[in-house]
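Participant: Below is the file target.csv, with CSV, C-alpha atoms and all ligand atoms.
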```csv
chain,number,residue,atom,x,y,z
N,1,THR,CA,-2.4,5.2,15.8
N,2,GLU,CA,1.0,4.8,17.1
N,3,GLN,CA,2.9,1.6,17.0
N,4,ALA,CA,6.4,0.4,17.6
N,5,LEU,CA,7.8,-1.9,15.0
N,6,GLN,CA,8.8,-5.2,16.5
N,7,PHE,CA,12.4,-6.2,16.1
N,8,SER,CA,12.3,-10.0,16.0
N,9,GLU,CA,15.3,-12.3,15.8
N,10,LYS,CA,13.3,-14.6,13.5
N,11,LEU,CA,12.8,-11.9,10.9
N,12,SER,CA,16.5,-11.2,11.1
N,13,SER,CA,17.5,-14.8,10.3
N,14,VAL,CA,15.0,-14.9,7.4
N,15,GLY,CA,16.5,-11.7,6.1
N,16,GLN,CA,20.0,-13.2,6.4
N,17,MET,CA,19.0,-16.2,4.4
N,18,ALA,CA,17.3,-14.1,1.7
N,19,ALA,CA,20.4,-11.9,1.5
N,20,GLY,CA,22.5,-15.0,1.0
N,21,ILE,CA,20.3,-16.2,-1.9
N,22,ALA,CA,20.3,-12.7,-3.4
N,23,HIS,CA,24.1,-12.8,-3.5
N,24,GLU,CA,24.0,-16.1,-5.4
N,25,ILE,CA,21.5,-14.7,-7.9
N,26,ARG,CA,23.3,-11.5,-8.6
N,27,ASN,CA,26.1,-12.8,-10.8
N,28,PRO,CA,24.1,-15.0,-13.2
N,29,LEU,CA,21.5,-12.2,-13.4
N,30,THR,CA,24.2,-9.7,-14.5
N,31,SER,CA,25.4,-12.2,-17.1
N,32,VAL,CA,21.8,-12.8,-18.4
N,33,LYS,CA,21.2,-9.0,-18.6
N,34,GLY,CA,24.4,-8.5,-20.6
N,35,PHE,CA,23.4,-11.2,-23.2
N,36,LEU,CA,19.9,-9.7,-23.5
N,37,GLN,CA,21.4,-6.3,-24.1
N,38,LEU,CA,23.4,-7.7,-26.9
N,39,PHE,CA,20.4,-9.4,-28.4
N,40,ARG,CA,18.3,-6.2,-28.2
N,41,ALA,CA,21.1,-4.2,-29.9
N,42,ARG,CA,20.9,-6.7,-32.8
N,43,SER,CA,17.2,-7.0,-33.2
N,44,GLN,CA,15.2,-4.3,-35.0
N,45,ASP,CA,11.6,-5.2,-34.0
N,46,ARG,CA,9.5,-5.6,-30.9
N,47,ARG,CA,11.1,-2.8,-29.0
N,48,GLU,CA,8.2,-2.6,-26.6
N,49,LEU,CA,8.7,-6.2,-25.6
N,50,TRP,CA,12.4,-5.6,-24.8
N,51,ASP,CA,11.3,-2.6,-22.7
N,52,VAL,CA,9.2,-5.0,-20.6
N,53,VAL,CA,12.1,-7.5,-20.3
N,54,PHE,CA,14.5,-4.8,-19.0
N,55,GLU,CA,11.9,-3.2,-16.7
N,56,GLU,CA,11.5,-6.6,-15.1
N,57,ILE,CA,15.2,-7.3,-14.9
N,58,ASN,CA,15.7,-3.9,-13.2
N,59,ARG,CA,13.0,-4.8,-10.7
N,60,ILE,CA,14.9,-8.0,-9.9
N,61,GLU,CA,18.1,-6.0,-9.5
N,62,ASN,CA,16.4,-3.6,-7.1
N,63,ILE,CA,15.1,-6.4,-5.0
N,64,ILE,CA,18.6,-8.0,-4.9
N,65,THR,CA,20.2,-4.7,-4.0
N,66,GLU,CA,17.8,-4.2,-1.1
N,67,LEU,CA,18.2,-7.8,0.1
N,68,LEU,CA,22.0,-7.4,0.1
N,69,MET,CA,21.6,-4.4,2.4
N,70,ILE,CA,20.1,-6.7,5.0
N,71,ALA,CA,23.3,-8.8,5.1
N,72,ARG,CA,25.7,-5.9,5.5
N,73,PRO,CA,25.0,-4.3,8.9
N,74,LYS,CA,26.7,-7.1,10.8
N,75,GLN,CA,30.0,-6.7,9.1
N,76,SER,CA,30.3,-3.0,9.4
N,77,THR,CA,32.3,-1.0,11.9
N,78,LEU,CA,30.6,2.0,13.5
N,79,VAL,CA,32.3,5.4,13.7
N,80,PRO,CA,31.1,8.7,15.1
N,81,ARG,CA,29.4,10.8,12.4
N,82,SER,CA,27.3,14.0,12.4
N,83,ILE,CA,23.6,13.0,11.8
N,84,GLY,CA,22.8,16.5,10.5
N,85,HIS,CA,25.5,16.2,7.9
N,86,ILE,CA,24.3,12.8,6.7
N,87,LEU,CA,20.8,14.2,6.3
N,88,GLU,CA,22.1,17.2,4.3
N,89,GLN,CA,23.8,14.8,1.9
N,90,VAL,CA,20.7,12.7,1.5
N,91,LEU,CA,18.5,15.7,0.8
N,92,LEU,CA,20.9,17.0,-1.8
N,93,PHE,CA,20.5,13.7,-3.5
N,94,LEU,CA,16.7,13.5,-3.2
N,95,SER,CA,15.7,17.1,-3.9
N,96,PRO,CA,15.5,16.8,-7.7
N,97,GLN,CA,12.9,14.0,-7.2
N,98,ALA,CA,11.0,16.2,-4.7
N,99,MET,CA,11.0,19.1,-7.1
N,100,MET,CA,9.7,17.0,-10.0
N,101,ASN,CA,6.8,15.9,-7.9
N,102,ASP,CA,6.0,19.3,-6.4
N,103,ILE,CA,6.9,18.2,-2.9
N,104,GLU,CA,8.3,20.7,-0.4
N,105,ILE,CA,11.1,19.3,1.8
N,106,VAL,CA,11.3,21.0,5.2
N,107,ASN,CA,14.7,20.4,6.7
N,108,GLN,CA,14.7,20.9,10.4
N,109,GLY,CA,18.2,19.5,11.1
N,110,PRO,CA,19.7,19.6,14.6
N,111,GLU,CA,20.7,23.0,16.1
N,112,GLU,CA,23.9,21.5,17.6
N,113,GLU,CA,26.2,18.9,16.1
N,114,LEU,CA,24.9,15.5,17.1
N,115,LEU,CA,27.2,12.5,16.6
N,116,ILE,CA,26.0,8.9,16.4
N,117,ASN,CA,28.1,5.8,16.1
N,118,CYS,CA,27.2,4.5,12.7
N,119,ASP,CA,27.9,3.2,9.3
N,120,GLU,CA,27.2,6.4,7.3
N,121,ASN,CA,26.0,4.6,4.2
N,122,GLN,CA,23.5,2.6,6.1
N,123,ILE,CA,22.1,5.6,7.9
N,124,LYS,CA,21.8,7.3,4.5
N,125,GLN,CA,19.9,4.2,3.2
N,126,VAL,CA,17.5,4.5,6.1
N,127,PHE,CA,16.8,8.2,5.3
N,128,ILE,CA,16.4,7.4,1.6
N,129,ASN,CA,14.0,4.6,2.3
N,130,LEU,CA,11.8,6.7,4.7
N,131,ILE,CA,11.9,9.8,2.6
N,132,LYS,CA,11.1,8.0,-0.6
N,133,ASN,CA,8.2,6.3,1.0
N,134,ALA,CA,7.0,9.7,2.2
N,135,PHE,CA,7.2,11.0,-1.4
N,136,GLU,CA,5.3,8.0,-2.7
N,137,ALA,CA,2.6,8.4,-0.1
N,138,ILE,CA,1.6,11.8,-1.5
N,139,PRO,CA,-1.2,11.5,-4.1
N,140,PRO,CA,-0.4,13.1,-7.5
N,141,GLY,CA,-1.6,16.7,-7.8
N,142,GLN,CA,-1.5,17.2,-4.0
N,143,ALA,CA,0.8,19.8,-2.6
N,144,GLY,CA,3.1,17.5,-0.7
N,145,ARG,CA,5.2,18.3,2.3
N,146,VAL,CA,7.9,16.1,3.9
N,147,ARG,CA,9.4,17.4,7.1
N,148,ILE,CA,12.6,15.9,8.7
N,149,HIS,CA,13.2,16.9,12.2
N,150,ILE,CA,16.2,16.0,14.2
N,151,THR,CA,16.8,16.9,17.9
N,152,ARG,CA,18.6,15.8,20.9
N,153,SER,CA,16.6,14.0,23.5
N,154,GLY,CA,18.7,13.2,26.6
N,155,ASP,CA,21.3,10.6,25.5
N,156,TYR,CA,19.5,10.0,22.3
N,157,VAL,CA,19.1,11.6,18.9
N,158,ALA,CA,15.4,11.7,17.9
N,159,ILE,CA,14.6,11.8,14.2
N,160,GLN,CA,11.2,12.3,12.7
N,161,VAL,CA,10.2,11.9,9.0
N,162,ALA,CA,6.7,13.3,8.6
N,163,ASP,CA,4.6,13.5,5.5
N,164,ASN,CA,1.1,14.8,4.6
N,165,GLY,CA,0.4,11.8,2.4
N,166,CYS,CA,-2.3,9.1,2.3
N,167,GLY,CA,-1.6,7.7,5.8
N,168,ILE,CA,-1.6,4.0,6.7
N,169,PRO,CA,-4.6,2.1,7.9
N,170,GLU,CA,-4.1,0.2,11.2
N,171,GLU,CA,-4.3,-3.3,9.7
N,172,VAL,CA,-1.5,-2.3,7.3
N,173,ILE,CA,0.7,-0.8,10.1
N,174,ARG,CA,0.9,-4.2,11.7
N,175,LYS,CA,2.4,-5.7,8.6
N,176,LEU,CA,5.1,-3.0,8.0
N,177,GLY,CA,8.6,-4.3,8.0
N,178,GLN,CA,7.7,-7.8,7.0
N,179,PRO,CA,9.9,-8.8,4.1
N,180,PHE,CA,8.1,-8.3,0.8
N,181,PHE,CA,5.0,-6.6,2.3
N,182,THR,CA,4.0,-3.8,-0.1
N,183,THR,CA,0.8,-2.1,-1.2
N,184,LYS,CA,2.5,-0.6,-4.3
N,185,GLU,CA,2.3,-2.1,-7.8
N,186,LYS,CA,6.0,-1.7,-8.3
N,187,GLY,CA,7.1,-1.9,-4.7
N,188,THR,CA,9.6,-4.4,-3.3
N,189,GLY,CA,8.4,-4.4,0.2
N,190,LEU,CA,12.0,-4.4,1.4
N,191,GLY,CA,12.6,-0.7,2.3
N,192,LEU,CA,11.3,-0.9,5.8
N,193,THR,CA,12.7,-4.4,6.4
N,194,VAL,CA,16.2,-3.1,5.5
N,195,SER,CA,15.7,0.0,7.5
N,196,LYS,CA,14.6,-1.9,10.6
N,197,GLU,CA,17.6,-4.2,10.3
N,198,ILE,CA,20.0,-1.2,10.1
N,199,ILE,CA,18.3,0.6,13.0
N,200,LEU,CA,18.5,-2.5,15.1
N,201,ASN,CA,22.2,-2.9,14.3
N,202,HIS,CA,22.7,0.7,15.4
N,203,HIS,CA,20.9,0.0,18.7
N,204,GLY,CA,18.1,2.3,17.7
N,205,SER,CA,14.3,2.1,17.7
N,206,LEU,CA,11.6,2.9,15.2
N,207,SER,CA,7.9,3.8,15.7
N,208,ILE,CA,5.1,4.9,13.5
N,209,THR,CA,2.2,7.3,13.9
N,210,SER,CA,-0.3,7.6,11.2
N,211,GLU,CA,-3.7,9.0,10.4
N,212,THR,CA,-5.5,7.9,7.2
N,213,GLY,CA,-5.8,10.8,4.8
N,214,LYS,CA,-3.7,13.1,6.9
N,215,GLY,CA,-0.2,11.7,6.9
N,216,THR,CA,2.4,9.6,8.6
N,217,THR,CA,5.4,10.1,10.9
N,218,PHE,CA,8.2,7.7,11.3
N,219,ALA,CA,10.2,8.3,14.5
N,220,ILE,CA,13.7,6.9,15.0
N,221,CYS,CA,15.9,7.1,18.1
N,222,PHE,CA,19.7,6.4,18.0
N,223,PRO,CA,22.0,6.5,21.0
N,224,LEU,CA,24.1,9.7,21.0
N,225,HIS,CA,27.8,9.3,20.8
N,226,THR,CA,29.4,10.9,23.8
E,1,LIG,P1,7.8,-0.4,-0.8
E,1,LIG,O1,8.0,1.0,-0.6
E,1,LIG,O2,8.6,-1.1,-1.8
E,1,LIG,O3,6.3,-0.8,-0.9
E,1,LIG,P2,8.5,-0.5,2.0
E,1,LIG,O4,9.1,-1.5,2.9
E,1,LIG,O5,9.4,0.8,1.9
E,1,LIG,O6,8.3,-1.1,0.6
E,1,LIG,O7,7.1,0.0,2.5
E,1,LIG,C1,6.1,-1.0,2.7
E,1,LIG,C2,4.7,-0.4,2.7
E,1,LIG,O8,4.6,0.5,3.8
E,1,LIG,C3,4.4,0.4,1.5
E,1,LIG,O9,4.0,-0.3,0.4
E,1,LIG,C4,3.3,1.3,2.0
E,1,LIG,O10,2.1,0.7,2.0
E,1,LIG,C5,3.6,1.5,3.5
E,1,LIG,N1,4.3,2.8,3.8
E,1,LIG,C6,5.6,3.0,4.1
E,1,LIG,N2,5.8,4.3,4.4
E,1,LIG,C7,4.7,4.9,4.2
E,1,LIG,C8,4.2,6.3,4.3
E,1,LIG,N3,5.1,7.3,4.6
E,1,LIG,N4,2.9,6.6,4.0
E,1,LIG,C9,2.1,5.6,3.7
E,1,LIG,N5,2.4,4.3,3.6
E,1,LIG,C10,3.7,4.0,3.8
E,2,MG,MG,9.8,1.9,0.1
```
In structure tokens, write the structure found in this file.

Facilitator:
Amino acid sequence: TEQALQFSEKLSSVGQMAAGIAHEIRNPLTSVKGFLQLFRARSQDRRELWDVVFEEINRIENIITELLMIARPKQSTLVPRSIGHILEQVLLFLSPQAMMNDIEIVNQGPEEELLINCDENQIKQVFINLIKNAFEAIPPGQAGRVRIHITRSGDYVAIQVADNGCGIPEEVIRKLGQPFFTTKEKGTGLGLTVSKEIILNHHGSLSITSETGKGTTFAICFPLHT
């Protein structure tokens, strides 16, 4: 099944509003977390309950961080950067996690230097979101493989992130990218929403091919900087 994710303006405005709310929540949350840390340091008992409290607070923080990513693309200035170089940096950062989970990363970066007009941190975020999803799609105990392939295709840079994980059923593919849609117990359902926003703001496109039980490929296209 191959499907292009729809870029809808409506989604974008919902995202903007959510990001605005996230911004308002962040400061009071930081303050609450600080006080709770103080209380925990002074209390001797019920350690396991404190763990739950902080796990949940971290979860809220993760959601807020991802929501804030949605707001940023519009303010950023785009500059020409090497896509292969950005990928190298992301893989350096993600390789310990791959090793721990027995996942092989196959880096098929571009053979020539390909520049795209971008906000480097945002493109990194897209790579991180897609590659982490690929890791998480691989069932424990399975020999996982995640392949990242980048090549020039005319005036575009074509990027593929392919995994040999669980795959995505068709009815789920249709929901991908909707804010807060997740099938994971501890997911935020924001990774793809954020990625779509970033790709849209870089005048790119995103499509998905998946086969249940075999794996998934996310394909991105960005205009080449010339
Ligand atoms: P989260 O990872 O927090 O659940 P995402 O927006 O990153 O949120 O992904 C949304 C959902 O898309 C995931 O919960 C999962 O069901 C599905 N998904 C994304 N990438 C993959 C993949 N590579 N393989 C299988 N399912 C995926
Ligand atoms: Mg994710």

Participant: Taking only C-alpha atoms and all ligand atoms and a cut-off of 12 Å, can you tell me which residues surround ligand MG 2 (chain E), written as an MDAnalysis selection string?

Facilitator: chainID N and resid 62:63 66 125:137 176:177 179:195

Participant: Can you work out the spacing between CA of Phe218 in chain N and CA of Arg59 in chain N in Å, to one decimal?

Facilitator: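 Rounded to one decimal, the two atoms are 25.8 Å apart.
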
Participant: Give me the residues within 7 Å of Arg81 in chain N as a ChimeraX atom specification, counting all atoms listed in the file and dropping any in the same chain fewer than 5 places off.

Facilitator: /N:115-118

Participant: Grab the CA of Thr151 in chain N to CA of Ile83 in chain N distance for me, in Å with one decimal place.

Facilitator: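 CA of Thr151 in chain N sits 9.9 Å away from CA of Ile83 in chain N.
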
Participant: Find the residue from N:Cys166, N:Val79, N:Val32, N:Ala219 that sits nearest to ligand LIG 1 (chain E); use all atoms listed in the file when measuring.

Facilitator: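 Smallest distance to ligand LIG 1 (chain E) is found for N:Cys166.
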
Participant: Do you have the CA of Ile138 in chain N-CA of Asn164 in chain N distance handy?

Facilitator: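 A separation of 6.8 Å between them.
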
Participant: Using only C-alpha atoms and all ligand atoms, can you tell me which of N:Arg40, N:Lys33, N:His23, N:Lys214 comes closest to ligand LIG 1 (chain E)?

Facilitator: N:Lys214

Participant: Counting all atoms listed in the file, figure out which residue out of N:Met17, N:Ile148, N:Leu67, N:Leu49 gets nearest to Glu88 in chain N.

Facilitator: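 Distance minimum relative to Glu88 in chain N lands on N:Ile148.
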
Participant: Could you list, as an NGL selection string, every residue within 9 Å of Met69 in chain N, counting all atoms listed in the file and ignoring same-chain residues fewer than 4 positions away?

Facilitator: :N and (19 or 64-65 or 73 or 122 or 125 or 194-195 or 197-198)

Participant: Point out the residue among N:Asp163, N:Gln89, N:Leu36, N:Glu211 with the least atom-to-atom distance to Asp51 in chain N, counting only C-alpha atoms.

Facilitator: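 Result for the nearest residue to Asp51 in chain N: N:Leu36.
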
Participant: Go through N:Ala41, N:Leu200, N:Val172, N:Leu114 and flag the residue nearest ligand LIG 1 (chain E), using only C-alpha atoms and all ligand atoms for the distances.

Facilitator: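 Answer, going by the shortest atom-to-atom distance: N:Val172.
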
Participant: For a quick check of understanding, using only C-alpha atoms and all ligand atoms, which of N:Ile168, N:Ile86, N:Val53, N:Leu78 has the smallest distance to ligand LIG 1 (chain E)?

Facilitator: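 With only C-alpha atoms and all ligand atoms as the atom set, the closest residue is N:Ile168.
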